[in-house]
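data-v3.cif (mmCIF, C-alpha atoms)
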```cif
data_query
loop_
_atom_site.label_atom_id
_atom_site.label_comp_id
_atom_site.auth_asym_id
_atom_site.auth_seq_id
_atom_site.Cartn_x
_atom_site.Cartn_y
_atom_site.Cartn_z
CA MET X 457 -12.95 33.84 0.72
CA ASN X 458 -14.05 32.53 -2.64
CA LYS X 459 -11.58 29.91 -3.85
CA VAL X 460 -13.63 28.70 -6.77
CA VAL X 461 -12.03 28.52 -10.19
CA ASN X 462 -13.91 27.73 -13.39
CA ASN X 463 -12.36 24.46 -14.38
CA ALA X 464 -9.29 22.24 -14.34
CA ALA X 465 -7.45 24.32 -16.96
CA ALA X 466 -7.83 27.43 -14.80
CA ALA X 467 -6.82 25.53 -11.66
CA ILE X 468 -3.52 24.31 -13.12
CA HIS X 469 -2.76 27.28 -15.42
CA ASP X 470 0.42 28.34 -13.56
CA ILE X 471 2.02 24.90 -13.13
CA GLN X 472 5.31 25.38 -14.98
CA ASP X 473 7.66 22.90 -16.65
CA GLY X 474 9.95 21.25 -14.09
CA GLU X 475 7.55 21.75 -11.14
CA VAL X 476 7.16 19.33 -8.22
CA ILE X 477 3.52 18.26 -7.85
CA MET X 478 1.64 15.89 -5.58
CA LEU X 479 -1.24 13.86 -7.00
CA GLY X 480 -3.74 12.20 -4.66
CA GLY X 481 -5.36 8.79 -5.01
CA PHE X 482 -4.52 5.13 -4.43
CA GLY X 483 -4.24 3.16 -7.63
CA LEU X 484 -7.02 4.67 -9.72
CA CYS X 485 -9.23 5.21 -6.65
CA GLY X 486 -9.94 8.88 -6.03
CA ILE X 487 -7.49 10.30 -8.57
CA PRO X 488 -7.92 13.89 -9.82
CA GLU X 489 -9.05 12.90 -13.30
CA ASN X 490 -9.93 16.39 -14.51
CA CYS X 491 -6.61 17.96 -13.54
CA ILE X 492 -4.59 15.09 -15.03
CA ASN X 493 -6.43 15.58 -18.33
CA ALA X 494 -5.79 19.33 -18.11
CA LEU X 495 -2.06 18.77 -17.52
CA VAL X 496 -1.95 16.47 -20.55
CA ASN X 497 -3.73 19.13 -22.64
CA LYS X 498 -1.41 21.89 -21.38
CA GLY X 499 1.63 19.75 -22.14
CA THR X 500 3.56 20.74 -19.01
CA LYS X 501 6.90 18.92 -19.10
CA ASP X 502 9.69 17.65 -16.85
CA LEU X 503 7.33 17.23 -13.90
CA THR X 504 8.32 15.52 -10.68
CA CYS X 505 5.19 13.70 -9.52
CA ILE X 506 4.75 12.56 -5.94
CA SER X 507 2.00 9.94 -6.10
CA ASN X 508 1.58 6.57 -4.45
CA ASN X 509 1.10 4.90 -7.85
CA ALA X 510 1.63 5.78 -11.49
CA GLY X 511 -1.76 4.94 -12.96
CA VAL X 512 -2.22 2.37 -15.70
CA ASP X 513 -1.12 2.62 -19.34
CA ASP X 514 -4.16 4.54 -20.55
CA PHE X 515 -5.56 6.19 -17.42
CA GLY X 516 -4.45 8.40 -14.55
CA ILE X 517 -0.78 9.39 -14.44
CA GLY X 518 -0.21 6.79 -17.17
CA LEU X 519 -1.59 9.40 -19.59
CA MET X 520 1.19 11.84 -18.59
CA LEU X 521 3.82 9.12 -18.88
CA LYS X 522 2.70 8.29 -22.40
CA THR X 523 3.20 11.94 -23.43
CA ARG X 524 6.62 12.00 -21.66
CA GLN X 525 5.62 14.82 -19.34
CA VAL X 526 7.06 13.17 -16.24
CA LYS X 527 10.78 13.43 -15.47
CA LYS X 528 10.63 11.77 -12.08
CA MET X 529 8.15 9.72 -10.08
CA ILE X 530 8.22 9.49 -6.29
CA SER X 531 5.99 6.51 -5.47
CA SER X 532 5.67 3.37 -3.36
CA TYR X 533 4.21 0.96 -5.91
CA VAL X 534 4.24 1.21 -9.69
CA GLY X 535 3.48 -2.34 -10.72
CA GLU X 536 0.50 -1.94 -13.05
CA ASN X 537 2.01 0.15 -15.79
CA ALA X 538 3.99 -1.40 -18.66
CA GLU X 539 4.98 1.95 -20.19
CA PHE X 540 6.28 3.08 -16.80
CA GLU X 541 8.42 -0.04 -16.47
CA ARG X 542 9.76 0.42 -20.01
CA GLN X 543 10.75 4.06 -19.37
CA LEU X 544 12.31 3.13 -16.07
CA LEU X 545 14.39 0.22 -17.35
CA SER X 546 15.53 2.28 -20.35
CA GLY X 547 16.60 5.14 -18.07
CA GLU X 548 14.18 7.71 -19.55
CA LEU X 549 12.37 8.08 -16.25
CA GLU X 550 13.82 8.68 -12.79
CA VAL X 551 12.05 6.87 -10.00
CA ASP X 552 12.36 7.20 -6.26
CA LEU X 553 10.60 4.26 -4.62
CA ILE X 554 9.82 4.83 -0.97
CA PRO X 555 7.75 2.91 1.57
CA GLN X 556 4.06 3.75 1.44
CA GLY X 557 3.78 4.76 5.08
CA THR X 558 6.88 6.92 4.77
CA LEU X 559 5.34 8.57 1.70
CA ALA X 560 2.15 9.33 3.63
CA THR X 561 4.03 10.50 6.70
CA ARG X 562 6.31 12.84 4.74
CA CYS X 563 3.09 14.45 3.51
CA MET X 564 1.76 14.56 7.07
CA ALA X 565 4.97 16.19 8.27
CA ALA X 566 4.54 18.95 5.68
CA ALA X 567 0.88 19.30 6.65
CA TYR X 568 1.76 19.64 10.33
CA GLY X 569 4.68 22.01 9.81
CA MET X 570 7.36 19.54 10.87
CA PRO X 571 10.65 19.46 8.91
CA ALA X 572 11.21 15.71 9.29
CA VAL X 573 10.09 12.55 11.05
CA TRP X 574 11.81 9.45 12.45
CA VAL X 575 10.48 6.19 11.01
CA ARG X 576 11.47 2.54 11.30
CA ALA X 577 10.41 1.48 7.78
CA GLY X 578 13.44 0.74 5.62
CA VAL X 579 16.02 0.33 8.40
CA GLY X 580 18.63 -2.17 7.19
CA THR X 581 17.49 -1.92 3.56
CA GLU X 582 18.64 0.12 0.58
CA VAL X 583 16.03 2.73 1.53
CA ALA X 584 18.28 3.64 4.48
CA ILE X 585 21.34 4.44 2.35
CA GLY X 586 22.60 7.97 3.00
CA LYS X 587 20.00 8.70 5.66
CA GLU X 588 20.64 9.93 9.18
CA THR X 589 19.80 7.31 11.80
CA ARG X 590 19.15 7.47 15.51
CA VAL X 591 18.37 4.92 18.19
CA PHE X 592 15.36 5.50 20.46
CA ASP X 593 14.76 2.96 23.25
CA GLY X 594 17.10 0.50 21.55
CA VAL X 595 15.37 0.69 18.15
CA GLU X 596 16.95 2.29 15.09
CA TYR X 597 15.03 4.91 13.08
CA LEU X 598 15.61 6.79 9.81
CA LEU X 599 15.22 10.53 9.45
CA GLU X 600 12.75 11.21 6.64
CA MET X 601 12.20 14.75 5.40
CA ALA X 602 8.86 16.49 4.91
CA PHE X 603 7.92 16.89 1.26
CA LYS X 604 8.24 20.32 -0.29
CA ALA X 605 5.83 20.34 -3.19
CA LYS X 606 4.72 23.57 -4.85
CA PHE X 607 1.38 22.09 -5.88
CA ALA X 608 -0.86 19.37 -4.48
CA ILE X 609 -3.71 18.19 -6.68
CA VAL X 610 -6.43 16.15 -5.00
CA LYS X 611 -9.93 14.89 -5.62
CA ALA X 612 -12.71 14.96 -3.02
CA TRP X 613 -16.35 13.91 -3.02
CA LYS X 614 -17.82 17.17 -1.80
CA GLY X 615 -16.32 20.57 -1.23
CA ASP X 616 -17.52 24.07 -0.50
CA THR X 617 -16.54 27.53 -1.71
CA HIS X 618 -14.23 27.93 1.32
CA GLY X 619 -12.29 24.85 0.29
CA ASN X 620 -13.57 22.52 3.00
CA LEU X 621 -13.44 18.93 1.76
CA ILE X 622 -15.26 15.67 2.42
CA PHE X 623 -14.16 12.33 0.98
CA ARG X 624 -16.11 9.14 0.33
CA LYS X 625 -15.08 5.62 1.47
CA THR X 626 -11.46 4.66 0.63
CA THR X 627 -10.81 7.76 -1.49
CA ARG X 628 -9.45 9.62 1.52
CA ASN X 629 -6.16 7.69 0.99
CA PHE X 630 -3.38 10.06 -0.15
CA ASN X 631 -5.85 12.80 -1.07
CA MET X 632 -6.17 13.95 2.51
CA PRO X 633 -2.48 14.12 3.54
CA MET X 634 -1.50 15.63 0.18
CA ALA X 635 -4.29 18.22 0.33
CA MET X 636 -2.74 19.40 3.57
CA ALA X 637 0.88 19.19 2.34
CA GLY X 638 0.94 21.35 -0.80
CA GLN X 639 2.07 24.97 -0.81
CA ILE X 640 -0.76 25.53 -3.29
CA THR X 641 -3.51 22.92 -3.07
CA ILE X 642 -5.95 22.39 -5.91
CA ALA X 643 -9.06 20.34 -5.16
CA GLU X 644 -11.47 18.98 -7.73
CA VAL X 645 -14.75 17.74 -6.31
CA GLU X 646 -17.75 15.81 -7.56
CA GLU X 647 -20.11 18.27 -5.91
CA LEU X 648 -19.29 21.88 -5.08
CA VAL X 649 -21.66 23.57 -2.64
CA PRO X 650 -21.87 27.04 -1.03
CA ALA X 651 -19.95 27.49 2.23
CA GLY X 652 -22.22 26.76 5.16
CA THR X 653 -23.93 23.84 3.44
CA LEU X 654 -21.66 21.04 4.66
CA ASP X 655 -21.97 19.83 8.24
CA PRO X 656 -18.89 21.31 10.01
CA ASP X 657 -18.53 18.07 11.99
CA HIS X 658 -18.09 16.11 8.76
CA ILE X 659 -15.22 18.11 7.22
CA HIS X 660 -12.10 15.96 6.60
CA VAL X 661 -9.80 18.73 5.33
CA PRO X 662 -10.41 22.26 6.59
CA GLY X 663 -10.42 24.88 3.85
CA ILE X 664 -7.34 26.67 5.16
CA TYR X 665 -5.28 24.01 3.37
CA VAL X 666 -7.11 24.42 0.04
CA HIS X 667 -6.42 27.31 -2.32
CA ARG X 668 -8.37 26.49 -5.47
CA ILE X 669 -11.49 24.39 -5.89
CA PHE X 670 -13.79 23.47 -8.77
CA GLN X 671 -16.48 20.95 -9.60
CA GLY X 672 -15.10 18.38 -12.02
CA ASP X 673 -17.10 16.64 -14.70
CA ASN X 674 -17.31 13.37 -16.62
CA TYR X 675 -15.76 11.27 -13.85
CA GLU X 676 -14.96 7.84 -15.24
CA LYS X 677 -13.89 6.36 -11.88
CA ARG X 678 -12.26 3.40 -13.53
CA ILE X 679 -11.92 0.21 -11.48
CA GLU X 680 -8.47 -1.40 -11.66
CA GLN X 681 -9.30 -4.87 -10.29
CA ARG X 682 -13.01 -5.60 -10.59
CA THR X 683 -13.61 -8.50 -8.21
CA VAL X 684 -17.05 -9.88 -7.42
CA ARG X 685 -18.65 -12.88 -5.78
CA GLN X 686 -21.60 -14.82 -7.11
CA LYS X 687 -24.99 -14.79 -5.43
CA LYS X 688 -25.73 -18.23 -4.07
CA MET W 1279 1.77 -31.11 0.11
CA LEU W 1280 -0.58 -28.13 0.38
CA ASP W 1281 -2.08 -26.04 -2.40
CA LYS W 1282 -2.58 -22.27 -1.98
CA VAL W 1283 -5.92 -22.79 -0.28
CA GLY W 1284 -4.28 -25.26 2.12
CA ILE W 1285 -1.63 -22.69 3.05
CA ALA W 1286 -4.36 -20.10 3.62
CA LYS W 1287 -6.37 -22.55 5.75
CA ARG W 1288 -3.36 -23.36 7.92
CA ILE W 1289 -2.52 -19.67 8.45
CA ALA W 1290 -6.14 -18.95 9.33
CA GLN W 1291 -5.61 -21.16 12.39
CA GLU W 1292 -3.10 -18.57 13.66
CA VAL W 1293 -5.67 -15.76 13.73
CA LYS W 1294 -6.85 -14.95 17.24
CA ASP W 1295 -10.24 -13.76 18.44
CA GLY W 1296 -10.49 -10.00 18.82
CA SER W 1297 -7.45 -9.25 16.67
CA TYR W 1298 -6.76 -6.66 13.97
CA VAL W 1299 -5.16 -8.29 10.94
CA ASN W 1300 -3.54 -6.93 7.78
CA LEU W 1301 -3.51 -9.31 4.81
CA GLY W 1302 -1.09 -8.87 1.92
CA ILE W 1303 -1.77 -9.58 -1.74
CA GLY W 1304 -1.97 -13.18 -3.06
CA ILE W 1305 -2.26 -16.18 -0.72
CA PRO W 1306 -2.66 -13.90 2.34
CA THR W 1307 -5.86 -12.45 0.85
CA LEU W 1308 -7.31 -15.98 0.76
CA VAL W 1309 -6.83 -16.33 4.53
CA ALA W 1310 -9.93 -14.15 5.09
CA ASN W 1311 -12.10 -16.94 3.65
CA TYR W 1312 -10.98 -19.50 6.26
CA ILE W 1313 -10.96 -17.59 9.54
CA PRO W 1314 -12.94 -19.87 11.88
CA LYS W 1315 -16.58 -18.87 12.30
CA GLY W 1316 -17.34 -17.26 15.63
CA LEU W 1317 -14.03 -15.39 15.80
CA ASN W 1318 -14.36 -11.63 15.89
CA VAL W 1319 -11.55 -10.47 13.59
CA THR W 1320 -11.19 -7.03 12.00
CA LEU W 1321 -9.29 -6.77 8.72
CA GLN W 1322 -7.21 -3.65 8.13
CA SER W 1323 -6.53 -2.50 4.59
CA GLU W 1324 -3.65 -0.05 4.49
CA ASN W 1325 -5.26 2.20 1.89
CA GLY W 1326 -7.53 3.34 4.70
CA MET W 1327 -10.11 0.94 6.07
CA LEU W 1328 -10.82 -1.11 9.17
CA GLY W 1329 -13.51 -3.74 8.81
CA MET W 1330 -13.03 -5.02 5.28
CA GLY W 1331 -15.82 -7.19 3.92
CA PRO W 1332 -15.96 -9.72 1.06
CA PHE W 1333 -16.00 -8.90 -2.66
CA PRO W 1334 -19.26 -7.24 -3.77
CA PHE W 1335 -21.97 -9.02 -5.71
CA GLU W 1336 -21.87 -8.38 -9.43
CA GLY W 1337 -23.37 -4.97 -10.20
CA GLU W 1338 -22.70 -3.65 -6.69
CA GLU W 1339 -19.03 -2.70 -7.23
CA ASP W 1340 -18.09 0.79 -6.00
CA ALA W 1341 -15.02 2.46 -7.54
CA ASP W 1342 -14.58 4.44 -4.31
CA LEU W 1343 -14.25 1.26 -2.23
CA ILE W 1344 -11.17 -0.86 -2.84
CA ASN W 1345 -8.58 -2.76 -0.82
CA ALA W 1346 -4.80 -2.35 -0.93
CA GLY W 1347 -4.69 -4.82 -3.83
CA LYS W 1348 -6.98 -2.38 -5.72
CA GLN W 1349 -9.79 -4.98 -5.71
CA THR W 1350 -13.39 -3.93 -5.24
CA ILE W 1351 -14.61 -4.90 -1.76
CA THR W 1352 -17.46 -4.17 0.66
CA GLU W 1353 -18.01 -2.77 4.13
CA VAL W 1354 -18.97 -4.80 7.16
CA SER W 1355 -21.03 -3.64 10.12
CA GLY W 1356 -18.78 -1.22 12.00
CA THR W 1357 -16.37 -0.32 9.18
CA ALA W 1358 -14.24 2.81 9.60
CA TYR W 1359 -12.44 4.77 6.86
CA PHE W 1360 -9.35 6.94 7.23
CA ASP W 1361 -6.48 8.36 5.22
CA SER W 1362 -3.12 6.78 4.38
CA ALA W 1363 -1.14 8.77 6.96
CA LEU W 1364 -3.42 7.63 9.78
CA SER W 1365 -3.47 4.11 8.39
CA PHE W 1366 0.29 3.80 8.63
CA GLY W 1367 0.19 5.65 11.91
CA MET W 1368 -1.84 2.83 13.45
CA ILE W 1369 0.44 0.26 11.81
CA ARG W 1370 3.57 2.03 13.08
CA ALA W 1371 2.11 2.38 16.56
CA GLY W 1372 1.73 -1.40 16.77
CA LYS W 1373 -2.07 -1.43 16.82
CA VAL W 1374 -2.28 -4.11 14.11
CA ASP W 1375 -1.84 -7.48 15.83
CA LEU W 1376 -0.96 -9.70 12.89
CA THR W 1377 0.43 -9.11 9.41
CA ILE W 1378 0.36 -11.88 6.81
CA LEU W 1379 2.36 -11.35 3.64
CA GLY W 1380 4.15 -13.09 0.80
CA ALA W 1381 7.90 -13.27 0.25
CA MET W 1382 10.48 -14.09 -2.37
CA GLU W 1383 13.09 -15.00 0.25
CA VAL W 1384 13.31 -15.31 4.03
CA SER W 1385 16.60 -15.76 5.89
CA GLU W 1386 17.24 -17.85 9.00
CA ASN W 1387 17.50 -14.71 11.17
CA GLY W 1388 14.08 -13.45 9.98
CA ASP W 1389 15.10 -11.04 7.20
CA ILE W 1390 12.62 -10.81 4.31
CA ALA W 1391 12.97 -9.83 0.64
CA ASN W 1392 9.81 -9.33 -1.39
CA TRP W 1393 9.91 -6.10 -3.38
CA LYS W 1394 12.60 -6.04 -6.03
CA ILE W 1395 14.61 -8.21 -8.42
CA PRO W 1396 17.44 -5.97 -9.65
CA GLY W 1397 17.33 -5.44 -13.41
CA LYS W 1398 14.17 -7.49 -13.80
CA MET W 1399 11.27 -6.38 -11.71
CA VAL W 1400 10.62 -2.89 -10.41
CA LYS W 1401 7.24 -2.70 -8.81
CA GLY W 1402 8.05 -1.09 -5.50
CA MET W 1403 7.62 -2.03 -1.88
CA GLY W 1404 4.19 -0.52 -1.38
CA GLY W 1405 3.38 -0.81 2.32
CA ALA W 1406 5.48 -3.92 2.94
CA MET W 1407 8.48 -2.13 4.51
CA ASP W 1408 6.25 -0.19 6.88
CA LEU W 1409 4.32 -3.31 7.88
CA VAL W 1410 7.34 -5.52 8.54
CA ALA W 1411 9.04 -2.74 10.52
CA ALA W 1412 6.08 -2.38 12.84
CA ALA W 1413 3.84 -5.42 13.18
CA LYS W 1414 4.07 -7.36 16.44
CA ASN W 1415 3.58 -10.65 14.67
CA ILE W 1416 4.38 -11.37 11.05
CA ILE W 1417 3.60 -14.61 9.23
CA VAL W 1418 4.93 -15.27 5.75
CA ALA W 1419 2.83 -17.28 3.30
CA MET W 1420 4.91 -18.58 0.42
CA GLN W 1421 6.11 -21.50 -1.66
CA HIS W 1422 9.08 -23.32 -0.13
CA VAL W 1423 11.01 -23.28 -3.43
CA ASN W 1424 10.82 -20.90 -6.41
CA LYS W 1425 9.91 -21.80 -9.99
CA ALA W 1426 13.53 -22.73 -10.71
CA GLY W 1427 13.41 -25.23 -7.85
CA GLU W 1428 15.65 -23.15 -5.56
CA SER W 1429 14.91 -22.83 -1.87
CA LYS W 1430 13.40 -19.55 -0.67
CA LEU W 1431 14.43 -20.28 2.94
CA LEU W 1432 18.05 -19.19 2.94
CA PRO W 1433 21.02 -18.64 5.27
CA GLU W 1434 20.96 -15.02 4.02
CA CYS W 1435 18.69 -13.24 1.55
CA THR W 1436 20.25 -12.55 -1.87
CA LEU W 1437 17.63 -10.02 -3.06
CA PRO W 1438 17.26 -6.45 -1.73
CA LEU W 1439 15.74 -6.59 1.75
CA THR W 1440 12.30 -5.42 2.77
CA GLY W 1441 13.02 -5.72 6.49
CA VAL W 1442 15.50 -7.23 8.92
CA LYS W 1443 14.94 -9.72 11.75
CA CYS W 1444 11.18 -9.36 11.60
CA ILE W 1445 9.63 -12.64 10.40
CA LYS W 1446 8.33 -14.91 13.16
CA LYS W 1447 6.64 -17.72 11.29
CA ILE W 1448 6.49 -19.19 7.78
CA VAL W 1449 3.80 -21.40 6.28
CA THR W 1450 4.64 -23.12 2.98
CA GLU W 1451 3.19 -25.97 0.94
CA LEU W 1452 5.54 -28.28 2.88
CA ALA W 1453 5.75 -27.03 6.44
CA VAL W 1454 5.13 -24.62 9.29
CA LEU W 1455 8.37 -23.14 10.59
CA GLU W 1456 9.25 -20.74 13.36
CA VAL W 1457 12.14 -18.36 12.74
CA VAL W 1458 14.40 -18.17 15.78
CA PRO W 1459 17.31 -15.73 15.31
CA GLY W 1460 20.61 -17.41 16.16
CA LYS W 1461 19.05 -20.83 15.75
CA GLY W 1462 17.44 -21.08 12.32
CA PHE W 1463 14.20 -22.39 10.85
CA VAL W 1464 12.64 -24.49 13.58
CA LEU W 1465 10.33 -27.08 12.04
CA LEU W 1466 6.96 -27.13 13.80
CA GLU W 1467 4.68 -29.11 11.49
CA ARG W 1468 4.80 -31.11 8.26
CA ALA W 1469 2.20 -30.80 5.50
CA PRO W 1470 0.12 -33.96 5.05
CA GLY W 1471 2.22 -36.69 3.38
CA VAL W 1472 5.48 -34.68 3.48
CA THR W 1473 8.56 -36.10 5.23
CA VAL W 1474 11.14 -34.23 7.30
CA GLU W 1475 13.73 -35.29 4.71
CA GLU W 1476 11.75 -33.61 1.91
CA ILE W 1477 11.53 -30.41 3.95
CA ARG W 1478 15.26 -30.58 4.69
CA LYS W 1479 16.06 -30.88 0.96
CA ALA W 1480 13.89 -27.83 0.17
CA THR W 1481 15.44 -25.67 2.91
CA ALA W 1482 18.79 -24.04 2.11
CA GLY W 1483 19.04 -22.29 5.49
CA LYS W 1484 19.61 -24.12 8.75
CA LEU W 1485 16.66 -26.38 9.56
CA VAL W 1486 16.20 -27.28 13.21
CA VAL W 1487 14.34 -30.54 13.85
CA GLU W 1488 13.62 -31.30 17.49
CA GLY W 1489 11.83 -34.54 18.32
CA GLU W 1490 8.84 -35.91 16.45
CA ILE W 1491 7.36 -33.39 13.99
CA PRO W 1492 3.56 -33.64 13.84
CA GLU W 1493 1.54 -33.45 10.65
CA MET W 1494 -0.66 -30.37 10.16
CA ILE W 1495 -4.33 -30.75 10.85
CA ILE W 1496 -6.32 -29.04 8.12
CA ASP W 1497 -10.08 -29.34 7.51
#
```

Show this structure as structure tokens.
Amino acid sequence: MNKVVNNAAAAIHDIQDGEVIMLGGFGLCGIPENCINALVNKGTKDLTCISNNAGVDDFGIGLMLKTRQVKKMISSYVGENAEFERQLLSGELEVDLIPQGTLATRCMAAAYGMPAVWVRAGVGTEVAIGKETRVFDGVEYLLEMAFKAKFAIVKAWKGDTHGNLIFRKTTRNFNMPMAMAGQITIAEVEELVPAGTLDPDHIHVPGIYVHRIFQGDNYEKRIEQRTVRQKK
Amino acid sequence: MLDKVGIAKRIAQEVKDGSYVNLGIGIPTLVANYIPKGLNVTLQSENGMLGMGPFPFEGEEDADLINAGKQTITEVSGTAYFDSALSFGMIRAGKVDLTILGAMEVSENGDIANWKIPGKMVKGMGGAMDLVAAAKNIIVAMQHVNKAGESKLLPECTLPLTGVKCIKKIVTELAVLEVVPGKGFVLLERAPGVTVEEIRKATAGKLVVEGEIPEMIID
């Protein structure tokens, strides 16, 4: 059950032009830096990216936007990226903006083998247009479909050769639901250890959901909004 | 008239002991600084954290620890981390007691618009639609009028909606108002030095004034 691949290039080698991929992270926190760089190097085009955010101009998914590799973004918040906004307003980029909880829950539905879920978010707004609705206990809900993504690319703190993953602090974010939602899940980790090394009680994503794993390198872990307080 | 800190201080008075609170970006974030000492309040950050602490000291920032505004933050004693699906699960299930967020417009039946200006601004709704659809109590922190001097308290919202009939209370630089569907914006308190007439002029939607309106008490 060895799922280890050599590096990011090997992990993403069969992602074809036009593929639908999920990318974990929240803002720049916990993004799969190595795989994004590998996708930029490979030059894969016309990608549909499901990701909560779109990076910033010169980091994260922003790098793939700059090289025009993204045809469509499915996100909840894209506010920090000027190139993204330019491509969107000029019509070069398709964007599907959906509520953040709905985004996470459509991943969860895929992870749990459910075709769709009923959610309240977006009722009465333009998000509801064209969607099936149903009233439960007097409250209206929208039917939201599970994502069908060929690949999910996530970043974890530690992982083992069986694909078991552990995350650190707020990096669990979309990495965990997406890791469990992809048909083929690729995990890059800061530290890859032999199976049997991690405490089984501490595993966040069981390895059955993970198909390829490698230890990444040169993590920049850029901070988007560095905020500090002064020592008194 | 209140400044941003004044609005945050007034909203902090609404926070109850033992509650779980989600703070939006902007003025709502400031509310954390003015929650009365002695209250046991747990802040939820929708990117996956319960028990959010203050900003770190310089040099102690951790790229793996941010809030929903992508700012570096810290843990408190008893912090718990989780993923985004679980985070919105607890929001959807009504476990978060109070949500405080900003708005571009609020209507007199409690509709809110805060995520899109067609043709101009496309940032996305983030978690706002999920929060307003689920929270038991939602307070809006905002300016009473926009930069062009137009009221943001309207008969009906003109911008794309974030949620319908969900806002309970609004705190602005001029007033505290309760939103009562079918009735309008019920004036509860005036900001220091502000008259009912000034509030009426700044409110495009129906303003309900019943009896003497007290002035806010802010430390």

Nearby residues (only C-alpha atoms) at most 7 Å from Val1299 of chain W, same-chain spacing under 6 positions excluded, as a short mmCIF file (atom, residue, chain, number, x, y, z; two decimals) with C-alpha atoms, in the coordinates of the input:
```cif
data_model
loop_
_atom_site.label_atom_id
_atom_site.label_comp_id
_atom_site.auth_asym_id
_atom_site.auth_seq_id
_atom_site.Cartn_x
_atom_site.Cartn_y
_atom_site.Cartn_z
CA THR W 1320 -11.19 -7.03 12.00
CA LEU W 1321 -9.29 -6.77 8.72
CA GLN W 1322 -7.21 -3.65 8.13
CA VAL W 1374 -2.28 -4.11 14.11
CA ASP W 1375 -1.84 -7.48 15.83
CA LEU W 1376 -0.96 -9.70 12.89
CA THR W 1377 0.43 -9.11 9.41
#
```

Item checked: Nearest residue to Asp1281 of chain W from the set W:Met1420, W:Ile1495, W:Val1474, W:Val1487 (distances using all atoms listed in the file) ->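 Of W:Met1420, W:Ile1495, W:Val1474, W:Val1487, the one nearest Asp1281 of chain W, counting all atoms listed in the file, is W:Met1420.
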
Item checked: Interface residues on chain W facing chain X, 7 Å, only C-alpha atoms, written as a VMD selection string -> chain W and resid 1325 to 1327 1333 to 1336 1341 to 1344 1348 to 1350 1359 to 1363 1366 1401 to 1405 1407 to 1408 1411 1438 to 1442

Margin query: When the PyMOL selection byres ((chain W and resi 1493) around 9) is applied to the structure above, which residues does it catch, written out as a list in words?
Written below: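 Going through the file, the PyMOL selection byres ((chain W and resi 1493) around 9) ends up selecting Ala1453, Leu1466, Glu1467, Arg1468, Ala1469, Pro1470, Gly1471, Val1472, Ile1491, Pro1492, Met1494 and Ile1495 of chain W.
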
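Nearest to Asn462 of chain X of all the residues X:Phe670, X:Trp574, X:Tyr675, X:Tyr665 is X:Phe670, based on only C-alpha atoms.
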
Next item on the list: Report the residues retrieved by the PyMOL selection byres ((chain W and resi 1395) around 12) from the displayed file, expressed as a PyMOL selection string.
Entry: chain W and resi 1382-1383+1391-1394+1396-1403+1435-1440

Notebook entry, point to check: Applied to this file, what does the PyMOL selection byres ((chain X and resi 523) around 12) return in terms of residues, put as a PyMOL selection string?
Noted result: chain X and resi 492-493+495-503+513-514+517-522+524-527+539-540+543

Item checked: Atomic distance atom CA of Lys1430 of chain W - atom CA of Ile1390 of chain W, expressed in Å with one decimal -> 10.1 Å

Notebook entry, point to check: So which residues fall inside 6 Å of (-8.4, -16.7, 11.4) if we count all atoms listed in the file? Mind giving them as a list in words?
Noted result: Ala1290, Gln1291, Val1293, Ile1313 and Pro1314 of chain W

Next item on the list: Have a look at X:Val645, X:Ala510, X:Ala608, X:Met478 and name the one nearest to Asn463 of chain X; count only C-alpha atoms.
Entry: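 Smallest separation from Asn463 of chain X among the options: X:Val645.
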
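Excluding Met1330 of chain W itself and same-chain residues fewer than 5 positions from it, the residues having an atom within 9 Å of it are Thr1320, Leu1321, Gln1322, Ser1323, Asn1345, Ile1351, Thr1352, Glu1353, Val1354 and Thr1357 of chain W, counting only C-alpha atoms.
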
Item checked: Shell around Lys1461 of chain W at 12 Å using all atoms listed in the file, local window under 2 positions removed, as a PyMOL selection string -> chain W and resi 1385-1388+1433+1456-1459+1463-1465+1483-1488

Checklist line | Shell of 8 Å around Lys1287 of chain W, all atoms listed in the file, local chain residues under 6 positions omitted, as a list in words | finding: Val1309, Tyr1312, Ile1313, Ile1496 and Asp1497 of chain W

Long-range neighbours of Gln671 of chain X as a PDB file with C-alpha atoms, keeping the file's coordinate frame, 6 Å cut-off, all atoms listed in the file, 3 positions minimum in chain:
```
ATOM      1  CA  GLU X 644     -11.470  18.980  -7.730  1.00  0.00           C
ATOM      2  CA  VAL X 645     -14.750  17.740  -6.310  1.00  0.00           C
ATOM      3  CA  GLU X 646     -17.750  15.810  -7.560  1.00  0.00           C
ATOM      4  CA  GLU X 647     -20.110  18.270  -5.910  1.00  0.00           C
ATOM      5  CA  LEU X 648     -19.290  21.880  -5.080  1.00  0.00           C
TER       6      LEU X 648
END
```
